[in-house]
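K.L.:
I have a structure I would like to understand better, so I am pasting it below and will then ask my questions one at a time.
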Amino acid sequence: MASQKLATLYNELQRAFDARPSDLKKCGTLLAQLKVGLIEAGLLIPQGETNLHDLVVARDILEIGVFWSIRAKDVPSFDRYFSQLHTFYTDFRSSLPPSKREFAVRGLNLIRLLTQNRIADFHTTLESLPLPADEINTNPYIRHPVNLERWLMEGSYSKVWNAREEAPAEEYKFFVDSLMGTIRNEIASCEESAYDSLPLKDAATLLFFPSQSGLLVFAQQRGWQVDLTAGMITFAEKNDEQVEIPTQKLIAANLAYARELEQIV
Amino acid sequence: MSDVEMVKATDKKEDKDEKRDEKKLEPKLEPPTPTQEIKANIALIDRAINDLEARFTHRVLRSLTALRKRIDDKVLRDAIDENYPKESAVKNSLLSWLPPPPPAEQSMEVDTTSEANATAPLPPSSKPTSDPVPEAEIYLRLLIIHHLHSSKDTYSKSIELSHETVDKMQSMNRRSMDPIAAKIWFAVERSYELGGELADARPMFLAAQRTASLRHDDDTQASLINRLLRGYLHYNLYDQADKLVSKTTFPASASNPQYARYHYFLGRIKAVQLNYTAAHTNLQQAIRRAPAAKTAPGFYQAVHKLFVIVELLMGDIPDRSLFRHPVLEKALSAYFDIVKAVRTGSLSEFQTTLNKHAAQFEADKTYTLIVRLRQNVIKTGIRRLSLSYSRISLRDICLKLHLDSEEDAEYIVGKAIRDGVIEGRIVHEKGWMECGSQKDGYGPEASEVFGRRIGYCLDLHNESVKAMRYPLNAHRKELAAAQDARERERELAKEIQEGDLDDDEGLGDY
């Protein structure tokens, strides 16, 4: 280790992190100190000749940072740690021994992209995974987000709902809540266009609400008409808006044709 | 029996043909040997530099692929010998990259030269007294690098040589060298790919790209952007590739092959990012700009593989005739199976096809894209059902599409309705789906599509007008011709007038 101080801090961090339940506050302060230490030792963004063992330790610290951010429910901090780790995972891939936590971290990142509805980023990240395609289906950390995405795209929302308990690591569950919010909104928008009306009871099961009160609040947010006596939800009639003739556009196009024809003749 | 006879007969025919060809050729010049061709090319390069006409250089480079296959150590040595004066530093440095000639050959050469010297002094034009233009040297180096690629033992040497050549090119900094430089970069990439890690060349390419764009060196820039993109995609670094594309502008004057490559890379990036419409346009451009299917079958096949998948992802079914194309038929057979599965909307068939051809798809790097097709298979299935039934129960949908549960079916149908795949309603109480009527084909969309096509035709016209070339001062001749024509016309008019008079006289006689 670059300095004795870093080593002791690192050991302390490991202890604090491994303790059950882990001491989040202590981890936070330790991580902050360690990051300063890493920068001083030139290891945060490794440059020049560096000791392999030091790099492994630096990677470990950052990985703990990733998990700590999730436990502390701090997504921006997760982002930062992840992008710092990226150097270790890609540029030093050939020289460093593989990390046990690597795919857990990568899987977390995938889930995060999914909850933020960044599907394009999700796929680019997936493509750049250093895994052969058939291993994507066998690696538990990667399989989970990949399946979630597939179900979301298909519309098999109940499968997503049922999979929320099957997370491969404790940290994955943090994202589940926001994911549920996302799919609830998805389902709601589907219902608005697919149904004229829906009984309250069925709507609650479709939207995974355990009780009616939750549904009523949700219905209010989306502006649905709820008829409590009949127990029905009526969705606002989407009045087929009159198809307007896009005059401006047509004129512009015709003028452009005229100009081009003028040039030809 | 008959087969054998047939073969014999054709053989004889061919023999005859060959004989005839030989006879025909004998009086004429025999086809140029590679050495002569190189010499002619160097003359062309020289002309290009003197006349400031880059198209001669382009003509030289066009023959590169064909020439590359015919060169060997001796050809290159002879070419260098013939084009450089005896004591030239450049010549020696070039020769040092080739293995020394075997002694027997050397003595032969000496013999011939001495003989030639003895019988008649060579005409002065054939033995140059000064070095040709530096572009010629780079051209020879390019040939040598390509030659070094042909054997495994010389890969490391080719990397060395390409480094030296790049240094030389950059220190000379001549604009007239740009087209050749672009080809050199291609050779550099190939050296790295064969001899080591492609990623190692990236910093060099990036630096060179920056310089090229500052110097408005379009040929090199186009070549380098493609090199970089290829490097990124080779390692699946789509993020970086995307950033490179957004930060650079591809030079508009780039040649068609470069454009075709660029569009192909763009198409791949866009497809991964789920931007299928853009990917589709890019791939279409790549196909249009690519050389004919027979000359570059590899590229043609690769583009079409991706094109088929993107088309499927967009919800279209590719043309059947595409799979009958002689160049594509074999290469695309796995993709044809996938298309069939998607067309029938059967998930189980899709899954078995996918498993069967998994290895090929992975080699083509299309596996993850094809996996995404799953939802399209479902959508196609739902669309077929909605077209054929006016009302269908969710249970039946579930059975027909092999879905896991009715609950799933309800969500999936709901999503399909929202996404506009089908028109319809779900009646939850009764547990069925009612299908609405299809939209008619008239509306603003029709005019939009029409507008797009017109735009394309107009673009094509304008581009072709721009692409026409006129030789310098040729209009003078035309002007003279016009003058002549006018004079003739005047004469004619005069004659007619006189003739008229004659006629009048004649009439008068009557």
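Order determines the names: the first chain of the structure tokens is A, the second B, and so forth; residues in each chain are numbered 1 upward, and ligands are numbered 1 upward as they are shown.
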Compute the set of chain B residues within 8 Å of chain A, using only C-alpha atoms, and express it as an MDAnalysis selection string.
P.N.:
chainID B and resid 235:239 272:274 362 367:368 372 374:375 378 407:409 411:412 414:415 417:418 424:429 444 451 458
K.L.:
Check the DSSP output for the backbone and give back, as a PDB file with C-alpha atoms, in the first residue's frame, the residues of range 144-252 of chain A in strand (DSSP E or B).
P.N.:
```pdb
ATOM      1  CA  SER A 197     -63.885   1.494 -17.996  1.00  0.00           C
ATOM      2  CA  LEU A 198     -62.578  -0.847 -15.365  1.00  0.00           C
ATOM      3  CA  PRO A 199     -63.967  -2.099 -12.036  1.00  0.00           C
ATOM      4  CA  GLN A 225     -63.059   9.580 -13.001  1.00  0.00           C
ATOM      5  CA  VAL A 226     -63.862   7.266 -10.150  1.00  0.00           C
ATOM      6  CA  ASP A 227     -67.441   6.268  -9.514  1.00  0.00           C
ATOM      7  CA  MET A 232     -65.927   1.712 -11.599  1.00  0.00           C
ATOM      8  CA  ILE A 233     -63.162   3.796 -13.060  1.00  0.00           C
ATOM      9  CA  THR A 234     -63.941   5.550 -16.300  1.00  0.00           C
TER      10      THR A 234
END
```
K.L.:
Among range 358-420 of chain B, which residues carry a DSSP assignment of helix (DSSP H, G or I), reported as a short mmCIF file (atom, residue, chain, number, x, y, z; two decimals) with N, CA and C atoms, in the first residue's frame?
P.N.:
```cif
data_model
loop_
_atom_site.label_atom_id
_atom_site.label_comp_id
_atom_site.auth_asym_id
_atom_site.auth_seq_id
_atom_site.Cartn_x
_atom_site.Cartn_y
_atom_site.Cartn_z
N ALA B 358 -27.22 -19.91 -32.85
CA ALA B 358 -26.62 -18.97 -31.89
C ALA B 358 -25.16 -18.67 -32.20
N ALA B 359 -24.41 -19.71 -32.54
CA ALA B 359 -22.97 -19.51 -32.75
C ALA B 359 -22.72 -18.54 -33.90
N GLN B 360 -23.48 -18.71 -34.98
CA GLN B 360 -23.26 -17.81 -36.12
C GLN B 360 -23.64 -16.37 -35.77
N PHE B 361 -24.77 -16.22 -35.10
CA PHE B 361 -25.20 -14.87 -34.75
C PHE B 361 -24.17 -14.19 -33.85
N GLU B 362 -23.60 -14.99 -32.98
CA GLU B 362 -22.63 -14.39 -32.09
C GLU B 362 -21.39 -13.96 -32.85
N ALA B 363 -20.99 -14.79 -33.81
CA ALA B 363 -19.82 -14.43 -34.62
C ALA B 363 -20.12 -13.16 -35.43
N TYR B 367 -26.26 -11.24 -32.17
CA TYR B 367 -27.05 -12.06 -31.25
C TYR B 367 -27.95 -11.20 -30.37
N THR B 368 -27.36 -10.20 -29.73
CA THR B 368 -28.16 -9.40 -28.80
C THR B 368 -29.28 -8.66 -29.52
N LEU B 369 -29.01 -8.28 -30.77
CA LEU B 369 -30.06 -7.60 -31.54
C LEU B 369 -31.19 -8.57 -31.83
N ILE B 370 -30.83 -9.80 -32.14
CA ILE B 370 -31.86 -10.77 -32.49
C ILE B 370 -32.70 -11.12 -31.27
N VAL B 371 -32.04 -11.17 -30.11
CA VAL B 371 -32.80 -11.46 -28.89
C VAL B 371 -33.90 -10.42 -28.69
N LEU B 373 -35.69 -9.23 -30.79
CA LEU B 373 -36.80 -9.45 -31.71
C LEU B 373 -37.98 -10.13 -31.04
N ARG B 374 -37.73 -10.74 -29.87
CA ARG B 374 -38.78 -11.47 -29.17
C ARG B 374 -40.08 -10.69 -29.09
N GLN B 375 -39.96 -9.43 -28.68
CA GLN B 375 -41.18 -8.64 -28.54
C GLN B 375 -41.84 -8.40 -29.90
N ASN B 376 -41.01 -8.33 -30.95
CA ASN B 376 -41.60 -8.15 -32.27
C ASN B 376 -42.38 -9.37 -32.70
N VAL B 377 -41.86 -10.54 -32.31
CA VAL B 377 -42.58 -11.77 -32.64
C VAL B 377 -43.96 -11.71 -32.01
N ILE B 378 -44.00 -11.30 -30.73
CA ILE B 378 -45.29 -11.22 -30.05
C ILE B 378 -46.19 -10.20 -30.73
N LYS B 379 -45.61 -9.05 -31.07
CA LYS B 379 -46.42 -8.01 -31.69
C LYS B 379 -46.99 -8.48 -33.01
N THR B 380 -46.14 -9.14 -33.82
CA THR B 380 -46.65 -9.65 -35.10
C THR B 380 -47.79 -10.61 -34.86
N GLY B 381 -47.62 -11.47 -33.85
CA GLY B 381 -48.67 -12.43 -33.54
C GLY B 381 -49.97 -11.74 -33.19
N ILE B 382 -49.88 -10.73 -32.34
CA ILE B 382 -51.09 -10.01 -31.94
C ILE B 382 -51.73 -9.33 -33.13
N ARG B 383 -50.88 -8.76 -33.98
CA ARG B 383 -51.43 -8.05 -35.14
C ARG B 383 -52.18 -9.02 -36.04
N ARG B 384 -51.60 -10.19 -36.23
CA ARG B 384 -52.29 -11.18 -37.07
C ARG B 384 -53.64 -11.56 -36.47
N LEU B 385 -53.63 -11.75 -35.14
CA LEU B 385 -54.89 -12.11 -34.50
C LEU B 385 -55.91 -10.99 -34.65
N SER B 386 -55.45 -9.75 -34.47
CA SER B 386 -56.40 -8.65 -34.50
C SER B 386 -56.97 -8.46 -35.91
N LEU B 387 -56.22 -8.89 -36.92
CA LEU B 387 -56.72 -8.76 -38.28
C LEU B 387 -57.73 -9.84 -38.60
N SER B 388 -57.52 -11.01 -37.99
CA SER B 388 -58.39 -12.12 -38.40
C SER B 388 -59.61 -12.30 -37.50
N LEU B 394 -58.99 -13.43 -24.19
CA LEU B 394 -57.59 -13.33 -23.78
C LEU B 394 -56.97 -14.71 -23.63
N ARG B 395 -57.83 -15.66 -23.22
CA ARG B 395 -57.33 -17.02 -23.04
C ARG B 395 -56.82 -17.59 -24.36
N ASP B 396 -57.59 -17.33 -25.41
CA ASP B 396 -57.18 -17.84 -26.72
C ASP B 396 -55.90 -17.18 -27.20
N ILE B 397 -55.79 -15.89 -26.94
CA ILE B 397 -54.55 -15.19 -27.32
C ILE B 397 -53.38 -15.86 -26.64
N CYS B 398 -53.60 -16.11 -25.36
CA CYS B 398 -52.54 -16.71 -24.54
C CYS B 398 -52.13 -18.06 -25.12
N LEU B 399 -53.10 -18.84 -25.53
CA LEU B 399 -52.79 -20.17 -26.08
C LEU B 399 -52.11 -20.06 -27.43
N LYS B 400 -52.63 -19.17 -28.27
CA LYS B 400 -52.11 -19.09 -29.63
C LYS B 400 -50.68 -18.55 -29.66
N GLU B 406 -52.82 -15.71 -18.65
CA GLU B 406 -53.80 -14.78 -19.18
C GLU B 406 -53.50 -13.36 -18.71
N GLU B 407 -53.01 -13.30 -17.51
CA GLU B 407 -52.69 -11.99 -16.95
C GLU B 407 -51.67 -11.28 -17.84
N ASP B 408 -50.62 -12.06 -18.21
CA ASP B 408 -49.61 -11.51 -19.11
C ASP B 408 -50.25 -11.04 -20.40
N ALA B 409 -51.14 -11.90 -20.92
CA ALA B 409 -51.77 -11.59 -22.21
C ALA B 409 -52.48 -10.25 -22.12
N GLU B 410 -53.14 -10.01 -20.99
CA GLU B 410 -53.88 -8.76 -20.86
C GLU B 410 -52.94 -7.55 -20.91
N TYR B 411 -51.84 -7.67 -20.15
CA TYR B 411 -50.88 -6.56 -20.16
C TYR B 411 -50.29 -6.36 -21.55
N ILE B 412 -49.96 -7.47 -22.19
CA ILE B 412 -49.28 -7.38 -23.49
C ILE B 412 -50.21 -6.75 -24.52
N VAL B 413 -51.46 -7.18 -24.51
CA VAL B 413 -52.41 -6.60 -25.45
C VAL B 413 -52.60 -5.11 -25.15
N GLY B 414 -52.68 -4.79 -23.86
CA GLY B 414 -52.83 -3.39 -23.47
C GLY B 414 -51.70 -2.55 -24.01
N LYS B 415 -50.49 -3.08 -23.88
CA LYS B 415 -49.32 -2.34 -24.35
C LYS B 415 -49.35 -2.20 -25.86
N ALA B 416 -49.78 -3.27 -26.54
CA ALA B 416 -49.83 -3.22 -28.00
C ALA B 416 -50.81 -2.14 -28.46
N ILE B 417 -51.93 -2.03 -27.73
CA ILE B 417 -52.90 -1.00 -28.10
C ILE B 417 -52.32 0.39 -27.89
N ARG B 418 -51.64 0.54 -26.74
CA ARG B 418 -51.09 1.86 -26.46
C ARG B 418 -50.00 2.22 -27.46
#
```
K.L.:
Near Leu148 in chain B, counting only C-alpha atoms, which residues have an atom at most 12 Å away, once you skip same-chain residues fewer than 6 positions from it, shown as a tab-separated table (two decimals) with N, CA and C atoms, in the first residue's frame?
P.N.:
```tsv
chain	number	residue	atom	x	y	z
B	68	ARG	N	-2.29	-5.73	-55.65
B	68	ARG	CA	-1.79	-6.28	-54.39
B	68	ARG	C	-1.60	-7.79	-54.47
B	69	LYS	N	-2.49	-8.43	-55.21
B	69	LYS	CA	-2.43	-9.90	-55.26
B	69	LYS	C	-1.29	-10.39	-56.12
B	71	ILE	N	1.87	-8.96	-56.47
B	71	ILE	CA	3.24	-8.56	-56.17
B	71	ILE	C	3.95	-9.61	-55.34
B	72	ASP	N	5.27	-9.68	-55.50
B	72	ASP	CA	6.10	-10.49	-54.61
B	72	ASP	C	7.43	-9.76	-54.41
B	73	ASP	N	8.33	-10.41	-53.73
B	73	ASP	CA	9.61	-9.76	-53.41
B	73	ASP	C	10.30	-9.21	-54.66
B	76	LEU	N	8.68	-6.19	-56.42
B	76	LEU	CA	8.90	-4.95	-55.70
B	76	LEU	C	10.34	-4.47	-55.88
B	97	TRP	N	13.76	-3.11	-46.63
B	97	TRP	CA	12.58	-3.78	-46.06
B	97	TRP	C	12.27	-5.10	-46.73
B	98	LEU	N	12.95	-5.32	-47.84
B	98	LEU	CA	12.70	-6.57	-48.55
B	98	LEU	C	13.86	-7.52	-48.29
B	99	PRO	N	13.59	-8.81	-48.29
B	99	PRO	CA	14.70	-9.74	-48.10
B	99	PRO	C	15.65	-9.63	-49.29
B	141	ARG	N	6.07	2.26	-50.60
B	141	ARG	CA	6.02	1.77	-49.22
B	141	ARG	C	4.68	1.10	-48.94
B	142	LEU	N	3.63	1.71	-49.46
B	142	LEU	CA	2.29	1.13	-49.29
B	142	LEU	C	2.26	-0.28	-49.86
B	154	THR	N	6.19	-11.71	-41.20
B	154	THR	CA	6.59	-10.32	-41.43
B	154	THR	C	5.62	-9.32	-40.81
B	155	TYR	N	4.67	-9.81	-40.00
B	155	TYR	CA	3.70	-8.89	-39.41
B	155	TYR	C	4.37	-7.80	-38.58
B	156	SER	N	5.31	-8.22	-37.74
B	156	SER	CA	5.94	-7.23	-36.87
B	156	SER	C	6.72	-6.23	-37.70
B	157	LYS	N	7.30	-6.74	-38.80
B	157	LYS	CA	8.06	-5.86	-39.68
B	157	LYS	C	7.12	-4.83	-40.31
B	158	SER	N	5.92	-5.27	-40.65
B	158	SER	CA	4.99	-4.35	-41.31
B	158	SER	C	4.58	-3.24	-40.35
B	159	ILE	N	4.46	-3.59	-39.05
B	159	ILE	CA	4.14	-2.54	-38.08
B	159	ILE	C	5.27	-1.52	-38.03
B	160	GLU	N	6.50	-2.03	-38.01
B	160	GLU	CA	7.65	-1.14	-37.97
B	160	GLU	C	7.67	-0.20	-39.16
B	161	LEU	N	7.51	-0.83	-40.33
B	161	LEU	CA	7.55	-0.05	-41.56
B	161	LEU	C	6.43	0.99	-41.58
B	162	SER	N	5.24	0.57	-41.12
B	162	SER	CA	4.14	1.53	-41.19
B	162	SER	C	4.40	2.70	-40.26
B	187	ALA	N	-3.57	0.57	-44.30
B	187	ALA	CA	-2.57	-0.49	-44.18
B	187	ALA	C	-2.04	-0.57	-42.75
B	188	VAL	N	-1.91	0.60	-42.11
B	188	VAL	CA	-1.43	0.61	-40.73
B	188	VAL	C	-2.38	-0.17	-39.84
B	190	ARG	N	-4.43	-2.49	-40.67
B	190	ARG	CA	-4.34	-3.90	-41.00
B	190	ARG	C	-3.10	-4.50	-40.33
B	191	SER	N	-1.99	-3.77	-40.34
B	191	SER	CA	-0.77	-4.28	-39.70
B	191	SER	C	-1.04	-4.57	-38.25
B	194	LEU	N	-3.30	-7.59	-37.70
B	194	LEU	CA	-2.68	-8.89	-37.93
B	194	LEU	C	-1.59	-9.17	-36.91
B	195	GLY	N	-0.82	-8.12	-36.60
B	195	GLY	CA	0.40	-8.36	-35.84
B	195	GLY	C	0.25	-8.13	-34.35
```
K.L.:
Mind checking which residues fall within 6 Å of Tyr81 in chain A, counting only C-alpha atoms, ignoring those fewer than 3 positions away in the same chain, and posting them as an mmCIF file with C-alpha atoms, in the first residue's frame?
P.N.:
```
data_model
loop_
_atom_site.group_PDB
_atom_site.id
_atom_site.type_symbol
_atom_site.label_atom_id
_atom_site.label_comp_id
_atom_site.auth_asym_id
_atom_site.auth_seq_id
_atom_site.Cartn_x
_atom_site.Cartn_y
_atom_site.Cartn_z
ATOM 1 C CA VAL A 66 -20.656 1.683 -4.947
ATOM 2 C CA PHE A 78 -23.324 5.669 -7.156
ATOM 3 C CA GLN A 84 -14.370 5.794 -11.517
#
```
K.L.:
Taking into account only C-alpha atoms, which residue in the set B:Asp178, B:Val90, B:Asp78, B:Leu401 is nearest to Arg55 in chain B?
P.N.:
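Nearest to Arg55 in chain B: B:Asp178.
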K.L.:
Taking 2 positions as the minimum chain separation for residues in the same chain, which residues sit within 10 Å of Ile138 in chain B when counting only C-alpha atoms? Answer as a ChimeraX atom specification.
P.N.:
/B:94,133-136,140-144,165-166,168-169,177,180-181,184
K.L.:
Could you pull the residues within 7 Å of Leu110 in chain A, counting only C-alpha atoms, minus those fewer than 3 positions along the same chain, as a PDB file with N, CA and C atoms, in the first residue's frame?
P.N.:
```pdb
ATOM      1  N   ARG A 106     -21.813  -4.119 -12.187  1.00  0.00           N
ATOM      2  CA  ARG A 106     -22.305  -3.847 -13.538  1.00  0.00           C
ATOM      3  C   ARG A 106     -23.814  -4.070 -13.634  1.00  0.00           C
ATOM      4  N   GLY A 107     -24.285  -5.131 -12.965  1.00  0.00           N
ATOM      5  CA  GLY A 107     -25.718  -5.408 -12.966  1.00  0.00           C
ATOM      6  C   GLY A 107     -26.488  -4.279 -12.313  1.00  0.00           C
ATOM      7  N   LEU A 113     -30.021   2.121 -14.990  1.00  0.00           N
ATOM      8  CA  LEU A 113     -30.392   2.669 -16.296  1.00  0.00           C
ATOM      9  C   LEU A 113     -31.843   2.323 -16.625  1.00  0.00           C
ATOM     10  N   LEU A 114     -32.229   1.127 -16.221  1.00  0.00           N
ATOM     11  CA  LEU A 114     -33.591   0.685 -16.504  1.00  0.00           C
ATOM     12  C   LEU A 114     -34.610   1.530 -15.747  1.00  0.00           C
ATOM     13  N   PHE A 122     -28.960   1.486 -21.731  1.00  0.00           N
ATOM     14  CA  PHE A 122     -28.982   0.132 -21.207  1.00  0.00           C
ATOM     15  C   PHE A 122     -28.401  -0.832 -22.235  1.00  0.00           C
ATOM     16  N   PRO A 145     -31.283  -8.016 -14.599  1.00  0.00           N
ATOM     17  CA  PRO A 145     -31.714  -6.823 -15.347  1.00  0.00           C
ATOM     18  C   PRO A 145     -32.108  -7.118 -16.789  1.00  0.00           C
TER      19      PRO A 145
END
```
K.L.:
Can you pull out every residue within 12 Å of Ser83 in chain A, counting only C-alpha atoms, but drop anything in the same chain fewer than 3 positions away, and send it as a PyMOL selection string?
P.N.:
chain A and resi 44-45+59+62-63+65-66+76-80+86-90+105-106+109
K.L.:
Just give me the gap between CA of Ala293 in chain B and CA of Phe307 in chain B in Å, one decimal is fine.
P.N.:
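One can read the CA of Ala293 in chain B to CA of Phe307 in chain B distance as 14.9 Å.
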K.L.:
What is the distance, in Å and to one decimal place, between CA of Arg268 in chain B and CA of Ser255 in chain B?
P.N.:
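Here the two named atoms are 20.3 Å from each other.
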